[in-house]
>>> print(open('structure-v5.cif').read())   # mmCIF, C-alpha atoms, pLDDT in the B column; chains and numbers go by the auth columns
data_structure
#
loop_
_atom_site.group_PDB
_atom_site.id
_atom_site.type_symbol
_atom_site.label_atom_id
_atom_site.label_comp_id
_atom_site.label_asym_id
_atom_site.label_seq_id
_atom_site.Cartn_x
_atom_site.Cartn_y
_atom_site.Cartn_z
_atom_site.B_iso_or_equiv
_atom_site.auth_seq_id
_atom_site.auth_asym_id
ATOM 1 C CA MET A 1 0.000 0.000 0.000 29.00 1 Z
ATOM 2 C CA ALA A 2 1.300 3.432 -0.906 32.00 2 Z
ATOM 3 C CA PHE A 3 0.730 6.653 0.965 32.00 3 Z
ATOM 4 C CA CYS A 4 1.513 10.148 -0.159 36.00 4 Z
ATOM 5 C CA TRP A 5 0.954 13.739 0.737 35.00 5 Z
ATOM 6 C CA ASN A 6 -2.146 14.170 -1.386 39.00 6 Z
ATOM 7 C CA ILE A 7 -2.959 17.774 -2.188 48.00 7 Z
ATOM 8 C CA THR A 8 -6.056 18.317 -4.240 49.00 8 Z
ATOM 9 C CA VAL A 9 -5.912 21.592 -6.104 50.00 9 Z
ATOM 10 C CA THR A 10 -9.521 22.689 -6.246 46.00 10 Z
ATOM 11 C CA SER A 11 -11.126 25.855 -7.484 43.00 11 Z
ATOM 12 C CA VAL A 12 -12.528 28.489 -5.189 42.00 12 Z
ATOM 13 C CA ASN A 13 -13.668 31.048 -7.726 45.00 13 Z
ATOM 14 C CA SER A 14 -11.754 30.726 -10.957 53.00 14 Z
ATOM 15 C CA ASN A 15 -9.038 29.067 -12.946 57.00 15 Z
ATOM 16 C CA ARG A 16 -6.677 31.811 -11.717 63.00 16 Z
ATOM 17 C CA ASP A 17 -7.323 30.620 -8.137 68.00 17 Z
ATOM 18 C CA ASN A 18 -6.135 27.166 -9.219 70.00 18 Z
ATOM 19 C CA GLU A 19 -2.984 28.599 -10.755 74.00 19 Z
ATOM 20 C CA LYS A 20 -2.221 30.716 -7.664 79.00 20 Z
ATOM 21 C CA ARG A 21 -2.709 27.695 -5.422 80.00 21 Z
ATOM 22 C CA GLY A 22 -0.350 25.634 -7.571 82.00 22 Z
ATOM 23 C CA GLU A 23 2.264 28.395 -7.436 85.00 23 Z
ATOM 24 C CA ARG A 24 1.933 28.552 -3.640 87.00 24 Z
ATOM 25 C CA ILE A 25 2.294 24.772 -3.288 85.00 25 Z
ATOM 26 C CA SER A 26 5.381 24.914 -5.498 88.00 26 Z
ATOM 27 C CA ARG A 27 6.926 27.739 -3.452 90.00 27 Z
ATOM 28 C CA ILE A 28 6.283 26.044 -0.102 89.00 28 Z
ATOM 29 C CA SER A 29 7.553 22.726 -1.461 87.00 29 Z
ATOM 30 C CA GLN A 30 10.785 24.408 -2.523 89.00 30 Z
ATOM 31 C CA GLU A 31 11.158 26.092 0.889 91.00 31 Z
ATOM 32 C CA GLU A 32 10.589 22.779 2.676 88.00 32 Z
ATOM 33 C CA GLN A 33 12.721 20.866 0.149 90.00 33 Z
ATOM 34 C CA LYS A 34 9.848 18.472 -0.509 86.00 34 Z
ATOM 35 C CA SER A 35 8.270 17.144 -3.663 86.00 35 Z
ATOM 36 C CA PRO A 36 4.688 16.226 -2.759 85.00 36 Z
ATOM 37 C CA LYS A 37 2.644 13.859 -4.883 87.00 37 Z
ATOM 38 C CA ILE A 38 -0.219 15.860 -6.351 88.00 38 Z
ATOM 39 C CA PHE A 39 -3.618 14.970 -7.793 90.00 39 Z
ATOM 40 C CA LEU A 40 -5.461 17.731 -9.652 90.00 40 Z
ATOM 41 C CA GLN A 41 -9.217 17.696 -9.127 89.00 41 Z
ATOM 42 C CA VAL A 42 -11.263 17.935 -12.323 92.00 42 Z
ATOM 43 C CA LYS A 43 -15.007 18.517 -12.706 91.00 43 Z
ATOM 44 C CA PHE A 44 -16.472 16.588 -15.623 94.00 44 Z
ATOM 45 C CA LYS A 45 -20.081 17.556 -14.805 92.00 45 Z
ATOM 46 C CA ASP A 46 -21.433 20.845 -13.532 85.00 46 Z
ATOM 47 C CA ASP A 47 -21.818 20.547 -9.766 86.00 47 Z
ATOM 48 C CA PRO A 48 -21.740 23.649 -7.543 83.00 48 Z
ATOM 49 C CA ASN A 49 -20.883 21.413 -4.568 83.00 49 Z
ATOM 50 C CA LYS A 50 -17.573 20.273 -6.090 82.00 50 Z
ATOM 51 C CA GLY A 51 -14.393 22.158 -6.785 80.00 51 Z
ATOM 52 C CA GLY A 52 -11.705 21.606 -9.326 82.00 52 Z
ATOM 53 C CA PHE A 53 -10.605 22.501 -12.794 87.00 53 Z
ATOM 54 C CA LEU A 54 -13.011 22.362 -15.662 89.00 54 Z
ATOM 55 C CA LYS A 55 -11.492 20.165 -18.349 93.00 55 Z
ATOM 56 C CA GLN A 56 -10.814 23.008 -20.803 93.00 56 Z
ATOM 57 C CA ASP A 57 -9.390 25.232 -18.060 89.00 57 Z
ATOM 58 C CA LEU A 58 -6.929 22.515 -17.107 91.00 58 Z
ATOM 59 C CA LEU A 59 -5.876 22.142 -20.737 94.00 59 Z
ATOM 60 C CA ASN A 60 -5.417 25.924 -20.970 91.00 60 Z
ATOM 61 C CA SER A 61 -3.242 25.949 -17.810 89.00 61 Z
ATOM 62 C CA TRP A 62 -1.405 22.691 -18.493 92.00 62 Z
ATOM 63 C CA SER A 63 1.936 24.110 -19.652 92.00 63 Z
ATOM 64 C CA LYS A 64 2.115 26.399 -16.616 90.00 64 Z
ATOM 65 C CA ILE A 65 1.173 23.590 -14.207 90.00 65 Z
ATOM 66 C CA ILE A 66 3.740 21.118 -15.477 92.00 66 Z
ATOM 67 C CA SER A 67 6.458 23.790 -15.275 92.00 67 Z
ATOM 68 C CA LEU A 68 5.991 24.241 -11.502 91.00 68 Z
ATOM 69 C CA LYS A 69 9.043 23.195 -9.488 90.00 69 Z
ATOM 70 C CA ASN A 70 9.072 20.633 -6.659 89.00 70 Z
ATOM 71 C CA ILE A 71 5.690 19.200 -7.546 86.00 71 Z
ATOM 72 C CA ASN A 72 5.279 15.552 -8.448 88.00 72 Z
ATOM 73 C CA LEU A 73 2.061 15.599 -10.468 91.00 73 Z
ATOM 74 C CA ILE A 74 0.893 11.985 -10.400 93.00 74 Z
ATOM 75 C CA GLY A 75 -2.704 12.134 -11.553 94.00 75 Z
ATOM 76 C CA LEU A 76 -6.224 13.447 -11.632 95.00 76 Z
ATOM 77 C CA MET A 77 -9.003 13.033 -9.135 93.00 77 Z
ATOM 78 C CA THR A 78 -12.704 13.492 -9.529 94.00 78 Z
ATOM 79 C CA ILE A 79 -15.850 13.141 -7.458 93.00 79 Z
ATOM 80 C CA PRO A 80 -19.077 12.627 -9.407 94.00 80 Z
ATOM 81 C CA PRO A 81 -22.220 14.592 -8.561 93.00 81 Z
ATOM 82 C CA ILE A 82 -24.346 12.673 -6.072 91.00 82 Z
ATOM 83 C CA VAL A 83 -27.326 12.623 -8.475 93.00 83 Z
ATOM 84 C CA LEU A 84 -25.639 10.334 -11.022 95.00 84 Z
ATOM 85 C CA ASN A 85 -26.655 6.697 -11.284 96.00 85 Z
ATOM 86 C CA SER A 86 -24.164 3.821 -11.353 96.00 86 Z
ATOM 87 C CA HIS A 87 -23.809 3.785 -15.143 97.00 87 Z
ATOM 88 C CA GLN A 88 -23.326 7.565 -15.307 97.00 88 Z
ATOM 89 C CA ARG A 89 -20.672 7.432 -12.554 96.00 89 Z
ATOM 90 C CA LYS A 90 -18.781 4.718 -14.414 97.00 90 Z
ATOM 91 C CA ASP A 91 -18.901 6.816 -17.608 97.00 91 Z
ATOM 92 C CA LEU A 92 -17.579 9.823 -15.715 97.00 92 Z
ATOM 93 C CA PHE A 93 -14.752 7.721 -14.225 98.00 93 Z
ATOM 94 C CA CYS A 94 -13.871 6.443 -17.723 98.00 94 Z
ATOM 95 C CA GLU A 95 -13.779 10.045 -18.957 98.00 95 Z
ATOM 96 C CA CYS A 96 -11.371 10.945 -16.163 98.00 96 Z
ATOM 97 C CA ARG A 97 -9.149 7.945 -16.956 98.00 97 Z
ATOM 98 C CA ASN A 98 -9.078 8.873 -20.668 98.00 98 Z
ATOM 99 C CA PHE A 99 -8.256 12.498 -19.863 98.00 99 Z
ATOM 100 C CA ALA A 100 -5.426 11.448 -17.510 98.00 100 Z
ATOM 101 C CA ASN A 101 -4.054 9.218 -20.273 98.00 101 Z
ATOM 102 C CA HIS A 102 -4.261 12.132 -22.722 98.00 102 Z
ATOM 103 C CA LEU A 103 -2.202 14.256 -20.289 97.00 103 Z
ATOM 104 C CA GLY A 104 0.298 11.452 -19.717 97.00 104 Z
ATOM 105 C CA LEU A 105 -0.687 10.937 -16.080 97.00 105 Z
ATOM 106 C CA LYS A 106 -0.509 7.474 -14.555 96.00 106 Z
ATOM 107 C CA ASP A 107 -2.964 7.712 -11.673 96.00 107 Z
ATOM 108 C CA CYS A 108 -6.632 8.485 -11.163 97.00 108 Z
ATOM 109 C CA SER A 109 -8.016 8.941 -7.672 95.00 109 Z
ATOM 110 C CA MET A 110 -11.731 8.386 -8.014 95.00 110 Z
ATOM 111 C CA GLY A 111 -14.385 6.453 -6.225 91.00 111 Z
ATOM 112 C CA MET A 112 -15.323 6.332 -2.587 90.00 112 Z
ATOM 113 C CA SER A 113 -17.017 3.852 -0.305 87.00 113 Z
ATOM 114 C CA ASN A 114 -20.319 4.031 -2.208 88.00 114 Z
ATOM 115 C CA ASP A 115 -18.982 3.830 -5.777 93.00 115 Z
ATOM 116 C CA TRP A 116 -15.540 2.230 -5.646 92.00 116 Z
ATOM 117 C CA GLN A 117 -16.593 -0.665 -7.896 95.00 117 Z
ATOM 118 C CA GLU A 118 -17.617 1.670 -10.736 96.00 118 Z
ATOM 119 C CA ALA A 119 -14.372 3.589 -10.194 96.00 119 Z
ATOM 120 C CA ILE A 120 -12.255 0.437 -10.541 96.00 120 Z
ATOM 121 C CA GLN A 121 -14.162 -0.476 -13.719 96.00 121 Z
ATOM 122 C CA GLY A 122 -13.560 3.069 -14.953 97.00 122 Z
ATOM 123 C CA GLY A 123 -9.800 2.881 -14.436 97.00 123 Z
ATOM 124 C CA ALA A 124 -9.139 4.135 -10.902 97.00 124 Z
ATOM 125 C CA THR A 125 -5.699 3.488 -9.474 96.00 125 Z
ATOM 126 C CA TRP A 126 -6.528 5.080 -6.098 94.00 126 Z
ATOM 127 C CA ILE A 127 -9.858 4.822 -4.261 93.00 127 Z
ATOM 128 C CA ARG A 128 -10.997 6.433 -1.015 89.00 128 Z
ATOM 129 C CA LEU A 129 -12.722 4.021 1.352 84.00 129 Z
ATOM 130 C CA GLY A 130 -12.882 5.936 4.626 79.00 130 Z
ATOM 131 C CA SER A 131 -16.466 5.231 5.689 78.00 131 Z
ATOM 132 C CA LEU A 132 -16.306 1.659 4.398 71.00 132 Z
ATOM 133 C CA LEU A 133 -13.292 0.990 6.637 75.00 133 Z
ATOM 134 C CA PHE A 134 -14.024 3.243 9.616 78.00 134 Z
ATOM 135 C CA GLY A 135 -17.796 3.718 9.534 80.00 135 Z
ATOM 136 C CA LYS A 136 -19.908 6.721 8.689 82.00 136 Z
ATOM 137 C CA ARG A 137 -18.924 10.124 10.057 78.00 137 Z
ATOM 138 C CA GLN A 138 -20.787 11.353 13.060 81.00 138 Z
ATOM 139 C CA ASN A 139 -22.099 14.931 12.908 75.00 139 Z
#
>>> encode(input="structure-v5.cif", output="structure tokens")
Amino acid sequence: MAFCWNITVTSVNSNRDNEKRGERISRISQEEQKSPKIFLQVKFKDDPNKGGFLKQDLLNSWSKIISLKNINLIGLMTIPPIVLNSHQRKDLFCECRNFANHLGLKDCSMGMSNDWQEAIQGGATWIRLGSLLFGKRQN
């Protein structure tokens, strides 16, 4: 089992926010002499409850992102909107896998305790199983 410092670069307001966050992570990584493993979060469906790059915005920022120092960009991550059915989630996971392949990225972090099987079928290399392993969160 592998563990890494997983930083998800998600959007607050705009693509520029994503770029600024990446620059900050790069600067801090250089100061700390670290090279964290990074997943970039991508939104493949409109969902105001999720952050991340839109696909085209990531493509537009790609050359700048891959030029950042002290960042080990290992893959993409995505979280599907809760309203999608099993088939739609699997399609979304396949889209993420194909996009990661297009960018030359090895890993996809997608799928959680409720949809990990669709994520594996869609090409996930990392899954998040917190509530499956430790139980549901208490409010």
>>> residues_around(input="structure-v5.cif", residues="Asp47 (chain Z)", least_positions_apart="6", cutoff="10 Å", atoms="only C-alpha atoms", output="list in words")
Ile79, Pro80, Pro81, Ile82 and Val83 of chain Z
>>> write_last_selection(input="structure-v5.cif", atoms="C-alpha atoms", output="mmCIF file, in the coordinates of the input")
data_model
loop_
_atom_site.group_PDB
_atom_site.id
_atom_site.type_symbol
_atom_site.label_atom_id
_atom_site.label_comp_id
_atom_site.auth_asym_id
_atom_site.auth_seq_id
_atom_site.Cartn_x
_atom_site.Cartn_y
_atom_site.Cartn_z
ATOM 1 C CA ILE Z 79 -15.850 13.141 -7.458
ATOM 2 C CA PRO Z 80 -19.077 12.627 -9.407
ATOM 3 C CA PRO Z 81 -22.220 14.592 -8.561
ATOM 4 C CA ILE Z 82 -24.346 12.673 -6.072
ATOM 5 C CA VAL Z 83 -27.326 12.623 -8.475
#
>>> residues_around(input="structure-v5.cif", residues="Arg89 (chain Z)", least_positions_apart="2", cutoff="10 Å", atoms="only C-alpha atoms", output="PyMOL selection string")
chain Z and resi 79-87+91-95+111+115+118-119+122
>>> residues_around(input="structure-v5.cif", residues="region 34-40 of chain Z", least_positions_apart="6", cutoff="12 Å", atoms="only C-alpha atoms", output="PyMOL selection string")
chain Z and resi 2-11+18-19+21-22+25-28+51-55+57-59+61-62+65-66+68-79+96+99-100+103+105-110+125-126
>>> write_last_selection(input="structure-v5.cif", atoms="C-alpha atoms", output="PDB file, in the frame of the given file")
ATOM      1  CA  ALA Z   2       1.300   3.432  -0.906  1.00 32.00           C
ATOM      2  CA  PHE Z   3       0.730   6.653   0.965  1.00 32.00           C
ATOM      3  CA  CYS Z   4       1.513  10.148  -0.159  1.00 36.00           C
ATOM      4  CA  TRP Z   5       0.954  13.739   0.737  1.00 35.00           C
ATOM      5  CA  ASN Z   6      -2.146  14.170  -1.386  1.00 39.00           C
ATOM      6  CA  ILE Z   7      -2.959  17.774  -2.188  1.00 48.00           C
ATOM      7  CA  THR Z   8      -6.056  18.317  -4.240  1.00 49.00           C
ATOM      8  CA  VAL Z   9      -5.912  21.592  -6.104  1.00 50.00           C
ATOM      9  CA  THR Z  10      -9.521  22.689  -6.246  1.00 46.00           C
ATOM     10  CA  SER Z  11     -11.126  25.855  -7.484  1.00 43.00           C
ATOM     11  CA  ASN Z  18      -6.135  27.166  -9.219  1.00 70.00           C
ATOM     12  CA  GLU Z  19      -2.984  28.599 -10.755  1.00 74.00           C
ATOM     13  CA  ARG Z  21      -2.709  27.695  -5.422  1.00 80.00           C
ATOM     14  CA  GLY Z  22      -0.350  25.634  -7.571  1.00 82.00           C
ATOM     15  CA  ILE Z  25       2.294  24.772  -3.288  1.00 85.00           C
ATOM     16  CA  SER Z  26       5.381  24.914  -5.498  1.00 88.00           C
ATOM     17  CA  ARG Z  27       6.926  27.739  -3.452  1.00 90.00           C
ATOM     18  CA  ILE Z  28       6.283  26.044  -0.102  1.00 89.00           C
ATOM     19  CA  GLY Z  51     -14.393  22.158  -6.785  1.00 80.00           C
ATOM     20  CA  GLY Z  52     -11.705  21.606  -9.326  1.00 82.00           C
ATOM     21  CA  PHE Z  53     -10.605  22.501 -12.794  1.00 87.00           C
ATOM     22  CA  LEU Z  54     -13.011  22.362 -15.662  1.00 89.00           C
ATOM     23  CA  LYS Z  55     -11.492  20.165 -18.349  1.00 93.00           C
ATOM     24  CA  ASP Z  57      -9.390  25.232 -18.060  1.00 89.00           C
ATOM     25  CA  LEU Z  58      -6.929  22.515 -17.107  1.00 91.00           C
ATOM     26  CA  LEU Z  59      -5.876  22.142 -20.737  1.00 94.00           C
ATOM     27  CA  SER Z  61      -3.242  25.949 -17.810  1.00 89.00           C
ATOM     28  CA  TRP Z  62      -1.405  22.691 -18.493  1.00 92.00           C
ATOM     29  CA  ILE Z  65       1.173  23.590 -14.207  1.00 90.00           C
ATOM     30  CA  ILE Z  66       3.740  21.118 -15.477  1.00 92.00           C
ATOM     31  CA  LEU Z  68       5.991  24.241 -11.502  1.00 91.00           C
ATOM     32  CA  LYS Z  69       9.043  23.195  -9.488  1.00 90.00           C
ATOM     33  CA  ASN Z  70       9.072  20.633  -6.659  1.00 89.00           C
ATOM     34  CA  ILE Z  71       5.690  19.200  -7.546  1.00 86.00           C
ATOM     35  CA  ASN Z  72       5.279  15.552  -8.448  1.00 88.00           C
ATOM     36  CA  LEU Z  73       2.061  15.599 -10.468  1.00 91.00           C
ATOM     37  CA  ILE Z  74       0.893  11.985 -10.400  1.00 93.00           C
ATOM     38  CA  GLY Z  75      -2.704  12.134 -11.553  1.00 94.00           C
ATOM     39  CA  LEU Z  76      -6.224  13.447 -11.632  1.00 95.00           C
ATOM     40  CA  MET Z  77      -9.003  13.033  -9.135  1.00 93.00           C
ATOM     41  CA  THR Z  78     -12.704  13.492  -9.529  1.00 94.00           C
ATOM     42  CA  ILE Z  79     -15.850  13.141  -7.458  1.00 93.00           C
ATOM     43  CA  CYS Z  96     -11.371  10.945 -16.163  1.00 98.00           C
ATOM     44  CA  PHE Z  99      -8.256  12.498 -19.863  1.00 98.00           C
ATOM     45  CA  ALA Z 100      -5.426  11.448 -17.510  1.00 98.00           C
ATOM     46  CA  LEU Z 103      -2.202  14.256 -20.289  1.00 97.00           C
ATOM     47  CA  LEU Z 105      -0.687  10.937 -16.080  1.00 97.00           C
ATOM     48  CA  LYS Z 106      -0.509   7.474 -14.555  1.00 96.00           C
ATOM     49  CA  ASP Z 107      -2.964   7.712 -11.673  1.00 96.00           C
ATOM     50  CA  CYS Z 108      -6.632   8.485 -11.163  1.00 97.00           C
ATOM     51  CA  SER Z 109      -8.016   8.941  -7.672  1.00 95.00           C
ATOM     52  CA  MET Z 110     -11.731   8.386  -8.014  1.00 95.00           C
ATOM     53  CA  THR Z 125      -5.699   3.488  -9.474  1.00 96.00           C
ATOM     54  CA  TRP Z 126      -6.528   5.080  -6.098  1.00 94.00           C
TER      55      TRP Z 126
END
>>> atom_distance(input="structure-v5.cif", atom1="CA of Leu133 (chain Z)", atom2="CA of Asn114 (chain Z)")
11.7 Å
>>> atom_distance(input="structure-v5.cif", atom1="CA of Lys90 (chain Z)", atom2="CA of His102 (chain Z)")
18.3 Å
>>> atom_distance(input="structure-v5.cif", atom1="CA of Gly123 (chain Z)", atom2="CA of Val42 (chain Z)")
15.3 Å
>>> closest_residue(input="structure-v5.cif", among="Z:Asn49, Z:Arg97, Z:Phe44, Z:Glu32", to="Ile120 (chain Z)", atoms="only C-alpha atoms")
Z:Arg97
>>> resolve_selection(input="structure-v5.cif", expression="the PyMOL selection byres ((chain Z and resi 113) around 10)", output="count of residues only")
15
>>> axis_aligned_box(input="structure-v5.cif", around="region 37-40 of chain Z", padding_each_side="3 Å", output="AutoDock Vina command-line options")
--center_x -1.4 --center_y 15.8 --center_z -7.3 --size_x 14.1 --size_y 9.9 --size_z 10.8
